[in-house]
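final39.cif (mmCIF, C-alpha atoms)
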data_model
loop_
_atom_site.label_atom_id
_atom_site.label_comp_id
_atom_site.auth_asym_id
_atom_site.auth_seq_id
_atom_site.Cartn_x
_atom_site.Cartn_y
_atom_site.Cartn_z
CA MET A 47 63.65 47.80 5.02
CA ILE A 48 60.47 49.06 3.38
CA ASN A 49 59.77 45.55 1.98
CA ILE A 50 60.30 44.02 5.41
CA PHE A 51 57.89 46.55 6.88
CA LYS A 52 55.29 45.76 4.20
CA ASN A 53 55.66 42.04 4.77
CA MET A 54 55.31 42.47 8.50
CA LYS A 55 52.21 44.62 7.96
CA ALA A 56 50.64 41.96 5.71
CA PHE A 57 51.47 39.26 8.26
CA TYR A 58 49.82 41.16 11.11
CA SER A 59 46.80 41.88 8.91
CA ILE A 60 46.33 38.15 8.27
CA VAL A 61 46.82 37.38 11.94
CA GLY A 62 44.28 40.06 12.78
CA VAL A 63 41.69 38.65 10.40
CA LEU A 64 42.21 35.10 11.71
CA PHE A 65 41.97 36.38 15.28
CA PHE A 66 38.73 38.21 14.45
CA MET A 67 37.25 35.12 12.76
CA THR A 68 38.25 32.84 15.66
CA THR A 69 36.90 35.28 18.22
CA ASN A 70 33.69 35.68 16.24
CA ALA A 71 33.23 31.91 15.96
CA GLN A 72 33.83 31.57 19.68
CA LYS A 73 31.22 34.24 20.36
CA PHE A 74 28.56 32.38 18.30
CA ASP A 75 26.70 30.17 20.76
CA CYS A 76 25.10 27.40 18.70
CA SER A 77 23.00 25.99 21.55
CA SER A 78 21.57 29.37 22.50
CA LYS A 79 20.78 30.26 18.90
CA ILE A 80 19.08 26.89 18.32
CA LYS A 81 16.95 27.44 21.42
CA GLU A 82 16.14 30.94 20.21
CA TYR A 83 14.68 29.87 16.89
CA GLN A 84 13.04 26.73 18.33
CA ASP A 85 11.25 28.85 20.93
CA LEU A 86 9.88 30.97 18.09
CA ILE A 87 8.69 27.86 16.26
CA GLN A 88 7.07 26.61 19.47
CA ALA A 89 5.31 29.98 19.79
CA LYS A 90 4.11 29.55 16.19
CA LYS A 91 6.20 32.54 15.08
CA ILE A 92 7.68 30.49 12.28
CA SER A 93 8.48 33.30 9.85
CA GLU A 94 10.28 35.19 12.61
CA SER A 95 12.44 32.13 13.35
CA TYR A 96 14.01 32.16 9.89
CA ASP A 97 16.86 34.63 10.52
CA SER A 98 18.19 33.00 13.68
CA TRP A 99 17.78 29.52 12.13
CA ASN A 100 19.69 30.67 9.04
CA GLU A 101 22.56 31.87 11.24
CA VAL A 102 22.69 28.46 12.89
CA ARG A 103 22.69 26.68 9.54
CA LYS A 104 25.67 28.75 8.38
CA ASN A 105 27.69 28.70 11.61
CA CYS A 106 26.80 25.29 13.08
CA PRO A 107 26.15 22.96 10.12
CA LYS A 108 27.27 19.85 12.02
CA GLU A 109 25.72 20.68 15.40
CA ASN A 110 22.77 18.29 15.09
CA GLU A 111 20.25 16.89 12.62
CA THR A 112 17.27 18.85 13.92
CA ILE A 113 18.70 21.99 12.33
CA TYR A 114 17.72 20.53 8.97
CA SER A 115 14.33 19.09 9.90
CA ASP A 116 13.51 22.43 11.56
CA GLY A 117 14.72 24.18 8.43
CA VAL A 118 12.32 22.17 6.27
CA THR A 119 9.47 23.16 8.62
CA ILE A 120 10.41 26.84 8.41
CA LEU A 121 10.92 26.90 4.65
CA GLU A 122 7.73 24.93 3.96
CA TYR A 123 5.80 27.45 6.05
CA LYS A 124 7.29 30.37 4.15
CA ILE A 125 6.65 28.67 0.79
CA ASP A 126 3.00 28.00 1.65
CA ASN A 127 2.51 31.61 2.68
CA GLU A 128 4.38 33.23 -0.21
CA SER A 129 2.15 34.78 -2.90
CA SER A 130 4.91 35.69 -5.38
CA LEU A 131 5.72 32.77 -7.71
CA GLU A 132 9.25 34.08 -8.17
CA GLU A 133 9.88 34.25 -4.43
CA LYS A 134 8.23 30.90 -3.92
CA GLU A 135 10.60 29.27 -6.39
CA LYS A 136 13.57 30.87 -4.61
CA LEU A 137 12.41 29.37 -1.33
CA VAL A 138 11.88 25.95 -2.92
CA ARG A 139 15.36 26.07 -4.41
CA GLU A 140 16.71 27.04 -0.99
CA GLU A 141 15.02 23.96 0.47
CA LEU A 142 16.69 21.79 -2.17
CA LYS A 143 20.08 23.20 -1.15
CA LEU A 144 19.18 22.47 2.46
CA TYR A 145 18.63 18.79 1.57
CA ASP A 146 22.06 18.75 -0.11
CA GLN A 147 23.64 20.27 2.99
CA PHE A 148 21.79 17.79 5.22
CA ASN A 149 23.08 14.87 3.14
CA LYS A 150 26.62 16.27 3.16
CA ASN A 151 26.75 16.57 6.95
CA PHE A 152 24.53 13.62 7.94
CA PRO A 153 24.52 11.22 4.96
CA LEU A 154 23.26 8.21 6.92
CA THR A 155 20.18 10.06 8.15
CA ILE A 156 18.73 10.96 4.78
CA PRO A 157 19.93 8.56 2.05
CA ASP A 158 16.81 9.32 -0.01
CA PHE A 159 17.49 13.07 -0.06
CA GLU A 160 17.12 13.21 -3.85
CA VAL A 161 13.64 11.77 -3.57
CA GLN A 162 12.84 14.40 -0.92
CA LYS A 163 14.08 17.09 -3.30
CA ALA A 164 11.98 15.71 -6.15
CA MET A 165 8.80 15.63 -4.06
CA THR A 166 9.45 19.17 -2.84
CA LEU A 167 9.52 20.34 -6.46
CA TYR A 168 6.51 18.21 -7.37
CA ASN A 169 4.35 19.25 -4.41
CA HIS A 170 4.99 22.94 -5.02
CA LYS A 171 4.66 22.66 -8.82
CA ILE A 172 8.20 24.01 -9.36
CA GLY A 173 10.65 22.72 -11.95
CA THR A 174 10.13 20.53 -15.00
CA LYS A 175 8.93 16.93 -15.11
CA ASP A 176 12.34 15.92 -16.44
CA GLU A 177 14.09 17.51 -13.46
CA ILE A 178 11.74 15.81 -11.01
CA LEU A 179 11.90 12.45 -12.76
CA GLY A 180 15.71 12.65 -12.91
CA LEU A 181 15.91 13.13 -9.15
CA LEU A 182 13.42 10.31 -8.55
CA ASP A 183 15.31 7.95 -10.87
CA SER A 184 18.55 8.62 -9.03
CA GLY A 185 16.96 8.50 -5.58
CA PHE A 186 15.09 5.24 -6.19
CA ALA A 187 18.22 3.64 -7.65
CA LYS A 188 20.31 4.55 -4.61
CA ALA A 189 17.89 4.36 -1.70
CA SER A 190 14.69 2.50 -2.62
CA LYS A 191 14.79 0.60 0.70
CA ASN A 192 14.44 3.90 2.56
CA ILE A 193 11.34 5.03 0.67
CA THR A 194 8.12 4.29 2.53
CA SER A 195 5.70 6.92 1.21
CA ALA A 196 2.87 5.39 -0.86
CA ASN A 197 2.25 8.75 -2.51
CA THR A 198 5.91 9.10 -3.53
CA ILE A 199 5.96 5.62 -5.08
CA TYR A 200 2.75 6.28 -6.99
CA THR A 201 4.01 9.70 -8.16
CA TYR A 202 7.25 8.18 -9.43
CA PHE A 203 5.51 5.57 -11.55
CA ASN A 204 2.92 8.07 -12.77
CA LEU A 205 5.62 10.46 -14.04
CA TYR A 206 7.62 7.60 -15.54
CA PHE A 207 4.54 6.24 -17.31
CA GLU A 208 3.71 9.72 -18.68
CA LYS A 209 7.26 9.88 -20.08
CA TYR A 210 6.82 6.42 -21.63
CA LYS A 211 3.58 7.56 -23.30
CA GLU A 212 5.17 10.63 -24.90
CA GLU A 213 5.63 10.61 -28.65
CA ASN A 214 9.14 9.45 -29.65
CA SER A 215 9.80 8.31 -26.08
CA LYS A 216 13.07 6.46 -25.55
CA ILE A 217 11.46 4.30 -22.88
CA THR A 218 10.70 0.86 -24.33
CA VAL A 219 7.83 -1.42 -23.30
CA ASP A 220 10.28 -3.67 -21.44
CA LYS A 221 11.74 -0.70 -19.55
CA ALA A 222 8.26 0.50 -18.62
CA LEU A 223 7.33 -3.00 -17.47
CA GLY A 224 10.57 -3.20 -15.50
CA LYS A 225 9.73 0.05 -13.71
CA TYR A 226 6.24 -1.27 -12.98
CA MET A 227 7.77 -4.43 -11.49
CA GLN A 228 10.18 -2.34 -9.40
CA VAL A 229 7.54 -0.19 -7.74
CA ASN A 230 5.13 -3.10 -7.34
CA GLU A 231 7.79 -5.19 -5.60
CA LEU A 232 8.58 -2.24 -3.34
CA LEU A 233 4.90 -1.94 -2.39
CA GLU A 234 4.60 -5.70 -1.83
CA ASN A 235 7.55 -5.56 0.59
CA LEU A 236 6.07 -2.56 2.40
CA ILE A 237 2.68 -4.28 2.71
CA ALA A 238 4.45 -7.22 4.37
CA SER A 239 6.70 -5.13 6.64
CA MET A 240 4.35 -2.25 7.56
CA PRO A 241 0.83 -3.70 7.95
CA GLU A 242 -0.37 -0.57 9.77
CA LYS A 243 -0.15 1.30 6.45
CA ASN A 244 -1.59 -1.45 4.26
CA ASN A 245 -4.54 0.63 3.09
CA GLU A 246 -2.21 3.34 1.76
CA TYR A 247 0.06 0.86 0.01
CA LYS A 248 -2.79 -1.15 -1.49
CA THR A 249 -4.45 2.04 -2.75
CA ALA A 250 -1.17 3.07 -4.44
CA GLN A 251 -0.82 -0.44 -5.85
CA ARG A 252 -4.34 -0.33 -7.33
CA GLY A 253 -3.62 3.08 -8.85
CA ILE A 254 -0.35 1.90 -10.40
CA ARG A 255 -2.01 -1.23 -11.79
CA ALA A 256 -4.77 0.86 -13.32
CA LEU A 257 -2.19 3.08 -15.03
CA ALA A 258 -0.24 0.09 -16.31
CA LYS A 259 -3.25 -1.88 -17.52
CA GLU A 260 -2.22 -1.69 -21.16
CA LEU A 261 1.31 -2.76 -20.24
CA THR A 262 0.29 -5.79 -18.25
CA SER A 263 -1.56 -7.90 -20.79
CA CYS A 264 -1.07 -11.65 -20.36
CA ASP A 265 1.13 -11.83 -23.46
CA ARG A 266 3.41 -8.98 -22.38
CA LEU A 267 3.75 -10.29 -18.84
CA SER A 268 4.49 -13.76 -20.14
CA GLY A 269 7.19 -12.50 -22.53
CA TYR A 270 8.78 -10.28 -19.89
CA TYR A 271 8.97 -12.92 -17.17
CA GLU A 272 10.19 -15.65 -19.50
CA LYS A 273 13.25 -13.44 -20.12
CA GLN A 274 13.72 -12.63 -16.43
CA PHE A 275 12.96 -15.94 -14.75
CA GLU A 276 16.30 -17.72 -15.08
CA ASN A 277 18.20 -14.90 -13.34
CA ASN A 278 15.64 -14.58 -10.55
CA LYS A 279 14.35 -18.12 -9.96
CA ASN A 280 15.94 -18.30 -6.49
CA ASP A 281 14.76 -14.86 -5.37
CA ILE A 282 11.61 -15.26 -3.23
CA SER A 283 10.90 -11.53 -3.13
CA TRP A 284 11.12 -11.25 -6.91
CA LEU A 285 8.94 -14.34 -7.48
CA ASN A 286 6.25 -13.13 -5.07
CA SER A 287 6.19 -9.72 -6.72
CA ALA A 288 6.10 -11.26 -10.20
CA LEU A 289 3.24 -13.62 -9.35
CA SER A 290 1.24 -10.80 -7.75
CA ASN A 291 1.34 -8.95 -11.08
CA PHE A 292 -0.67 -11.64 -12.81
CA THR A 293 -4.44 -11.36 -12.71
CA LEU A 294 -6.43 -14.58 -12.29
CA LYS A 295 -7.11 -14.67 -16.04
CA CYS A 296 -3.34 -14.86 -16.66
CA SER A 297 -2.65 -17.51 -14.04
CA GLY A 298 -2.98 -20.30 -16.58
CA LEU A 299 0.16 -19.24 -18.46
CA PRO A 300 3.05 -21.73 -18.46
CA ILE A 301 5.42 -19.14 -16.99
CA TYR A 302 2.99 -18.53 -14.11
CA ASN A 303 2.97 -22.26 -13.32
CA THR A 304 6.77 -22.38 -13.48
CA MET A 305 7.17 -19.41 -11.14
CA ALA A 306 4.49 -20.65 -8.72
CA GLU A 307 6.19 -24.05 -8.43
CA ALA A 308 9.64 -22.48 -7.98
CA ASN A 309 8.33 -20.07 -5.35
CA TYR A 310 6.66 -22.83 -3.31
CA LYS A 311 9.75 -25.05 -3.45
CA LEU A 312 11.90 -22.22 -2.10
CA LYS A 313 9.57 -21.64 0.85
CA ALA A 314 6.08 -22.82 1.73
CA THR A 315 4.16 -19.71 2.80
CA SER A 316 0.54 -18.65 2.62
CA LYS A 317 1.33 -16.64 -0.52
CA SER A 318 3.35 -19.32 -2.29
CA ALA A 319 0.65 -21.93 -1.56
CA PHE A 320 -2.03 -19.52 -2.80
CA TYR A 321 -0.23 -18.89 -6.10
CA LEU A 322 0.29 -22.61 -6.61
CA ALA A 323 -3.40 -23.25 -5.90
CA ASN A 324 -4.35 -20.72 -8.60
CA ALA A 325 -2.06 -22.50 -11.05
CA TYR A 326 -3.79 -25.83 -10.34
CA VAL A 327 -7.24 -24.28 -10.76
CA LYS A 328 -6.32 -23.18 -14.28
CA GLN A 329 -5.00 -26.67 -15.00
CA ARG A 330 -8.33 -28.05 -13.69
CA LYS A 331 -6.49 -30.07 -11.07
CA PHE A 332 -9.07 -29.28 -8.42
CA THR A 333 -7.96 -31.77 -5.77
CA GLU A 334 -4.48 -30.22 -5.73
CA ALA A 335 -5.97 -26.72 -5.84
CA ILE A 336 -8.09 -27.42 -2.74
CA GLN A 337 -5.05 -28.87 -1.00
CA TYR A 338 -2.94 -25.74 -1.55
CA PHE A 339 -5.77 -23.29 -0.85
CA THR A 340 -6.27 -25.09 2.48
CA GLU A 341 -2.53 -24.91 3.18
CA ALA A 342 -2.52 -21.20 2.33
CA GLU A 343 -5.28 -20.65 4.90
CA THR A 344 -3.43 -22.71 7.53
CA LEU A 345 -0.18 -20.78 7.03
CA GLU A 346 -1.86 -17.36 6.98
CA THR A 347 -1.62 -15.41 10.26
CA ASP A 348 -3.77 -12.38 9.44
CA PRO A 349 -7.39 -13.20 10.41
CA ILE A 350 -8.81 -10.97 7.66
CA GLU A 351 -6.74 -12.74 5.01
CA LYS A 352 -7.63 -16.13 6.51
CA ALA A 353 -11.31 -15.16 6.25
CA LYS A 354 -10.87 -14.27 2.57
CA LEU A 355 -9.25 -17.63 1.83
CA ASN A 356 -12.02 -19.53 3.62
CA TYR A 357 -14.67 -17.53 1.78
CA SER A 358 -12.97 -18.18 -1.58
CA LEU A 359 -12.94 -21.93 -0.95
CA ALA A 360 -16.52 -21.99 0.34
CA THR A 361 -17.91 -20.10 -2.64
CA GLY A 362 -15.64 -21.64 -5.26
CA LEU A 363 -14.02 -25.04 -5.27
CA LEU A 364 -16.08 -26.38 -2.34
CA SER A 365 -19.41 -24.71 -3.08
CA ASN A 366 -20.95 -28.04 -4.12
CA ASP A 367 -19.96 -29.65 -0.83
CA LYS A 368 -22.64 -27.92 1.24
CA VAL A 369 -21.50 -29.24 4.60
CA LYS A 370 -17.91 -28.14 4.01
CA SER A 371 -19.01 -24.85 2.45
CA LYS A 372 -21.15 -24.01 5.49
CA GLU A 373 -18.30 -24.93 7.83
CA LEU A 374 -15.92 -22.60 5.95
CA LEU A 375 -18.47 -19.76 5.84
CA ASN A 376 -18.98 -19.98 9.60
CA LYS A 377 -15.21 -19.98 10.04
CA THR A 378 -15.03 -16.93 7.79
CA LEU A 379 -17.51 -15.07 9.99
CA SER A 380 -15.70 -16.04 13.18
CA LEU A 381 -12.51 -14.57 11.72
CA ASN A 382 -14.15 -11.51 10.20
CA PRO A 383 -17.69 -10.81 11.46
CA LYS A 384 -17.94 -7.89 9.03
CA MET A 385 -17.85 -10.07 5.92
CA GLY A 386 -21.55 -9.85 5.14
CA ARG A 387 -21.09 -11.66 1.84
CA ALA A 388 -20.65 -14.89 3.79
CA TYR A 389 -24.18 -14.57 5.17
CA LEU A 390 -25.51 -13.99 1.65
CA PHE A 391 -23.89 -17.12 0.28
CA LEU A 392 -24.97 -19.19 3.28
CA GLY A 393 -28.53 -17.95 2.78
CA GLU A 394 -28.35 -19.00 -0.87
CA LEU A 395 -27.14 -22.46 0.13
CA TYR A 396 -30.13 -22.84 2.45
CA ALA A 397 -32.59 -21.61 -0.18
CA ASN A 398 -31.22 -24.03 -2.76
CA SER A 399 -31.76 -26.91 -0.35
CA ALA A 400 -35.41 -26.29 0.62
CA GLU A 401 -36.73 -29.18 -1.44
CA GLU A 402 -33.92 -31.45 -0.31
CA CYS A 403 -34.12 -30.71 3.41
CA GLY A 404 -37.82 -29.98 3.98
CA GLN A 405 -40.00 -33.03 4.65
CA THR A 406 -43.33 -31.18 4.67
CA ASP A 407 -44.61 -28.07 2.91
CA PHE A 408 -44.27 -26.15 6.17
CA GLN A 409 -40.65 -27.30 6.63
CA LYS A 410 -39.74 -26.35 3.06
CA LYS A 411 -41.14 -22.89 3.60
CA ALA A 412 -39.26 -22.76 6.92
CA VAL A 413 -35.99 -23.35 5.07
CA TYR A 414 -36.73 -20.31 2.88
CA TYR A 415 -37.58 -18.40 6.06
CA LEU A 416 -34.18 -19.39 7.49
CA ALA A 417 -32.49 -18.32 4.26
CA ILE A 418 -34.06 -14.84 4.42
CA GLU A 419 -33.23 -14.40 8.10
CA THR A 420 -29.63 -15.43 7.42
CA MET A 421 -29.32 -12.97 4.54
CA LYS A 422 -30.63 -10.13 6.71
CA LYS A 423 -27.59 -10.57 8.99
CA ALA A 424 -25.44 -9.44 6.07
CA VAL A 425 -26.79 -5.88 6.37
CA ALA A 426 -25.72 -5.55 10.01
CA ALA A 427 -22.26 -6.87 9.10
CA GLU A 428 -21.84 -4.95 5.85
CA PRO A 429 -24.41 -2.12 5.43
CA ILE A 430 -23.43 -1.56 1.80
CA LEU A 431 -25.18 -4.87 1.00
CA LYS A 432 -28.62 -3.54 2.04
CA THR A 433 -29.99 -3.20 -1.51
CA THR A 434 -28.66 -6.61 -2.55
CA VAL A 435 -30.15 -8.27 0.53
CA GLN A 436 -33.50 -6.61 -0.09
CA LYS A 437 -33.64 -7.88 -3.67
CA MET A 438 -32.62 -11.41 -2.71
CA SER A 439 -35.12 -11.49 0.18
CA ASP A 440 -37.92 -10.22 -2.06
CA ASN A 441 -37.20 -13.01 -4.54
CA LEU A 442 -37.62 -15.62 -1.81
CA ALA A 443 -40.54 -14.00 0.04
CA SER A 444 -43.25 -15.80 -1.96
CA LYS A 445 -41.72 -19.19 -1.05
CA SER A 446 -41.22 -18.39 2.63
CA LEU A 447 -43.55 -18.68 5.60
CA THR A 448 -45.86 -15.73 6.20
CA SER A 449 -46.79 -14.43 9.66
CA ALA A 450 -50.27 -15.88 9.17
CA GLU A 451 -48.90 -19.33 8.35
CA ILE A 452 -46.73 -19.30 11.47
CA SER A 453 -49.72 -18.26 13.59
CA ASN A 454 -52.05 -20.84 12.01
CA ALA A 455 -49.53 -23.55 12.76
CA LYS A 456 -49.41 -22.26 16.37
CA MET A 457 -45.63 -21.87 16.08
CA ASN A 458 -45.29 -18.32 17.49
CA GLY A 459 -42.49 -18.32 20.04
CA LYS A 460 -41.70 -21.94 19.25
CA SER A 461 -38.86 -23.57 17.34
CA ILE A 462 -38.41 -26.13 14.58
CA LYS A 463 -35.33 -28.20 13.83
CA ILE A 464 -34.26 -28.49 10.19
CA GLU A 465 -32.32 -31.70 9.76
CA CYS A 466 -30.36 -32.68 6.66
CA TRP A 467 -26.98 -30.99 6.14
CA ILE A 468 -28.44 -27.67 7.36
CA ASN A 469 -28.82 -28.87 10.97
CA GLU A 470 -30.24 -25.59 12.27
CA THR A 471 -33.01 -24.72 14.71
CA ILE A 472 -35.36 -21.91 13.70
CA VAL A 473 -37.00 -19.90 16.49
CA PHE A 474 -40.14 -18.09 15.32
CA PRO A 475 -41.16 -14.69 16.72
CA THR A 476 -43.81 -14.59 19.46
CA LYS A 477 -46.16 -12.58 17.22
#

Structure re-expressed in structure tokens:
Amino acid sequence: MINIFKNMKAFYSIVGVLFFMTTNAQKFDCSSKIKEYQDLIQAKKISESYDSWNEVRKNCPKENETIYSDGVTILEYKIDNESSLEEKEKLVREELKLYDQFNKNFPLTIPDFEVQKAMTLYNHKIGTKDEILGLLDSGFAKASKNITSANTIYTYFNLYFEKYKEENSKITVDKALGKYMQVNELLENLIASMPEKNNEYKTAQRGIRALAKELTSCDRLSGYYEKQFENNKNDISWLNSALSNFTLKCSGLPIYNTMAEANYKLKATSKSAFYLANAYVKQRKFTEAIQYFTEAETLETDPIEKAKLNYSLATGLLSNDKVKSKELLNKTLSLNPKMGRAYLFLGELYANSAEECGQTDFQKKAVYYLAIETMKKAVAAEPILKTTVQKMSDNLASKSLTSAEISNAKMNGKSIKIECWINETIVFPTK
């Protein structure tokens, strides 16, 4: 009888506890509590919002995703305003647990949560490099397609490269090169898919290339890609990334030619035509190089990039064809009026043709006058060229018409037509 009584007592105790827990859970109003802490955040009382937010996190972990993004905001605020290093680390570690909880309850929303954890440690100077690098390694392996931060990509390679440089490092040259290729390909894809952030991605790319300079010698790149080519020869993304890693001085390597040809055969794009053109330049097959540079310009849709391709042709392979060079320089300026360098080169072309295109002494001097006036336009387009323009103008000044010579010839306010390939009319000032 006593045992039955004890068992009944235990049963009712359990029922009582369950009833209390159920009642308590029913009493907790997730929506009201969320509004409570969000109102505090809105009122910029972020520290005060912590307690009510923390209750929501514990009692309503699956209510909605904003609980976690709000939590990051709150914890970041507290971390930034915490003076104690010990307390700061506790808050950082709490934020890491929050990312774990976020991933557990909403895994599709934050697949790169390990990367977020790593950058939280890195930004607040908490944890070891090995801990941070371990999280980045895992995060990049699992969710590289979800990573869009230029700073995160640069930080990852920087830490990896530091590890490679350590004495007795287990990271081989090939592994370091592989990591370089990975982040560079990621940046190449982001540059193509998110043009609005191109400056950020290109800055990160330049920084990574500067770090990896010793890794990316022509010999090392050649050896690495010769091993990798067969398995990747049908992968356009891989080929584009690989070719972008070669500087112009390395574009004469046999493996570069092989990859450029394979890339173009897979798909004719502005990039694939450009890489093939570079290969032909190194082989001194200039007719083919001009053909593919021209195709690259035709296929390019970005006016700034089209301008660069036109400028490259005008000042390189077609610089001796003055008519064509001028045509391309004018096209460059129509596409990108801020490319002052085009005015400089056009001015040089004019100056170099004074003897050829001037029939009289006055006309020859007029050509130099035209050259100087053309160069001056470069300053308005690209102010950084002011010193260069001044030097170039000064060098031509002694060969150009003076104000007195224009007046003596009674040409003030009048014009003169320069024939030849230049085919320009010069209008002299009234005084």

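If you look at atom CA of A:Lys191 and atom CA of A:Asp158, they are 9.0 Å away from each other.
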
Original post:
Just so the selection is clear, what residues does the PyMOL selection byres ((chain A and resi 320-331) around 12) cover here, as a PyMOL selection string?
Top reply: chain A and resi 285-311+313-319+332-346+351-352+354-356+358-359+362-363

Can I get the residues of stretch 113-207 of chain A within 9 Å of stretch 231-240 of chain A, each with the closest pair of atoms and their distance in Å to one decimal, using all atoms listed in the file, sorted chain first then ascending number, as a tab-separated table?
residue	atom	partner	partner_atom	distance
A:Ser190	CA	A:Leu232	CA	7.8
A:Lys191	CA	A:Leu232	CA	7.9
A:Ile193	CA	A:Leu232	CA	8.7
A:Thr194	CA	A:Leu236	CA	7.2
A:Ala196	CA	A:Leu233	CA	7.8
A:Ile199	CA	A:Leu233	CA	8.1

Writing out the chosen residues with C-alpha atoms as a CSV table (one decimal), keeping the file's coordinate frame:
chain,number,residue,atom,x,y,z
A,190,SER,CA,14.7,2.5,-2.6
A,191,LYS,CA,14.8,0.6,0.7
A,193,ILE,CA,11.3,5.0,0.7
A,194,THR,CA,8.1,4.3,2.5
A,196,ALA,CA,2.9,5.4,-0.9
A,199,ILE,CA,6.0,5.6,-5.1

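Listed by chain and then by number, the residues chosen by the PyMOL selection byres ((chain A and resi 210-220) around 12) in this file are Leu179, Phe203, Asn204, Leu205, Tyr206, Phe207, Glu208, Lys209, Lys221, Ala222, Leu223, Gly224, Lys225, Tyr226, Met227, Leu257, Ala258, Glu260, Leu261, Thr262, Ser263, Arg266, Leu267, Ser268, Gly269, Tyr270, Tyr271, Lys273 and Gln274 of chain A.
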
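Proximity of A:Thr361, A:Asn469, A:Asn382, A:Thr448 to A:Gly404, computed with all atoms listed in the file, is greatest for A:Asn469.
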
Original post:
Can you list, as a PyMOL selection string, every protein, DNA or RNA residue that comes within 8 Å of stretch 145-153 of chain A when you count all atoms listed in the file, leaving out same-chain residues fewer than 6 positions away?
Top reply: chain A and resi 107-108+111+114+159-160+162-163

Writing out the chosen residues with C-alpha atoms as a PDB file, keeping the file's coordinate frame:
ATOM      1  CA  PRO A 107      26.150  22.960  10.120  1.00  0.00           C
ATOM      2  CA  LYS A 108      27.270  19.850  12.020  1.00  0.00           C
ATOM      3  CA  GLU A 111      20.250  16.890  12.620  1.00  0.00           C
ATOM      4  CA  TYR A 114      17.720  20.530   8.970  1.00  0.00           C
ATOM      5  CA  PHE A 159      17.490  13.070  -0.060  1.00  0.00           C
ATOM      6  CA  GLU A 160      17.120  13.210  -3.850  1.00  0.00           C
ATOM      7  CA  GLN A 162      12.840  14.400  -0.920  1.00  0.00           C
ATOM      8  CA  LYS A 163      14.080  17.090  -3.300  1.00  0.00           C
TER       9      LYS A 163
END

**OP:** Calculate how many Å separate atom CA of A:Ser95 from atom CA of A:Ala164, rounding to one decimal.
**Re:** 25.5 Å

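Counting from atom CA of A:Ala427, the distance to atom CA of A:Gly386 is 5.0 Å.
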
**OP:** Give as an MDAnalysis selection string the residues that the PyMOL selection byres ((chain A and resi 251) around 9) matches when applied to the coordinates above.
**Re:** chainID A and resid 196 200 229:230 233:234 246:250 252:256

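Of the listed residues A:Asn192, A:Asn100, A:Ser93, A:Thr155, the one whose atoms come nearest to A:Ile120 is A:Ser93, with distances taken using all atoms listed in the file.
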
Subject >> Surrounding residues of stretch 473-477 of chain A excluding itself and chain neighbours under 6 positions, 9 Å, only C-alpha atoms, as a ChimeraX atom specification >> reply: /A:449,452-453,457-463

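Closest approach to A:Lys136 from the set A:Leu374, A:Leu364, A:Leu182, A:Leu121 is made by A:Leu121, with distances taken over all atoms listed in the file.
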
Subject >> Residue contacts of A:Leu416 (10 Å, only C-alpha atoms) excluding same-chain residues fewer than 2 positions away, as a count of residues only >> reply: 22

**OP:** Counting only C-alpha atoms, write as a ChimeraX atom specification all protein and nucleic acid residues lying at most 10 Å from (-22.0, -4.2, 6.4) in the file's frame.
**Re:** /A:383-387,423-432

Just write stretch 297-311 of chain A with C-alpha atoms, as a compact mmCIF listing (two decimals), in the first residue's frame, taken from the block above.
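Full text of part.txt as output:
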# COMPACT_ATOMS: atom_id res chain seq x y z
CA SER A 297 51.54 33.89 -72.23
CA GLY A 298 54.12 32.41 -74.59
CA LEU A 299 54.26 29.11 -72.70
CA PRO A 300 53.07 26.02 -74.59
CA ILE A 301 50.52 25.21 -71.88
CA TYR A 302 49.06 28.73 -72.20
CA ASN A 303 48.60 28.22 -75.95
CA THR A 304 46.99 24.82 -75.35
CA MET A 305 44.55 26.20 -72.78
CA ALA A 306 43.73 29.29 -74.85
CA GLU A 307 42.89 27.15 -77.90
CA ALA A 308 40.80 24.72 -75.82
CA ASN A 309 38.94 27.57 -74.15
CA TYR A 310 38.07 29.27 -77.45
CA LYS A 311 36.90 26.00 -79.03
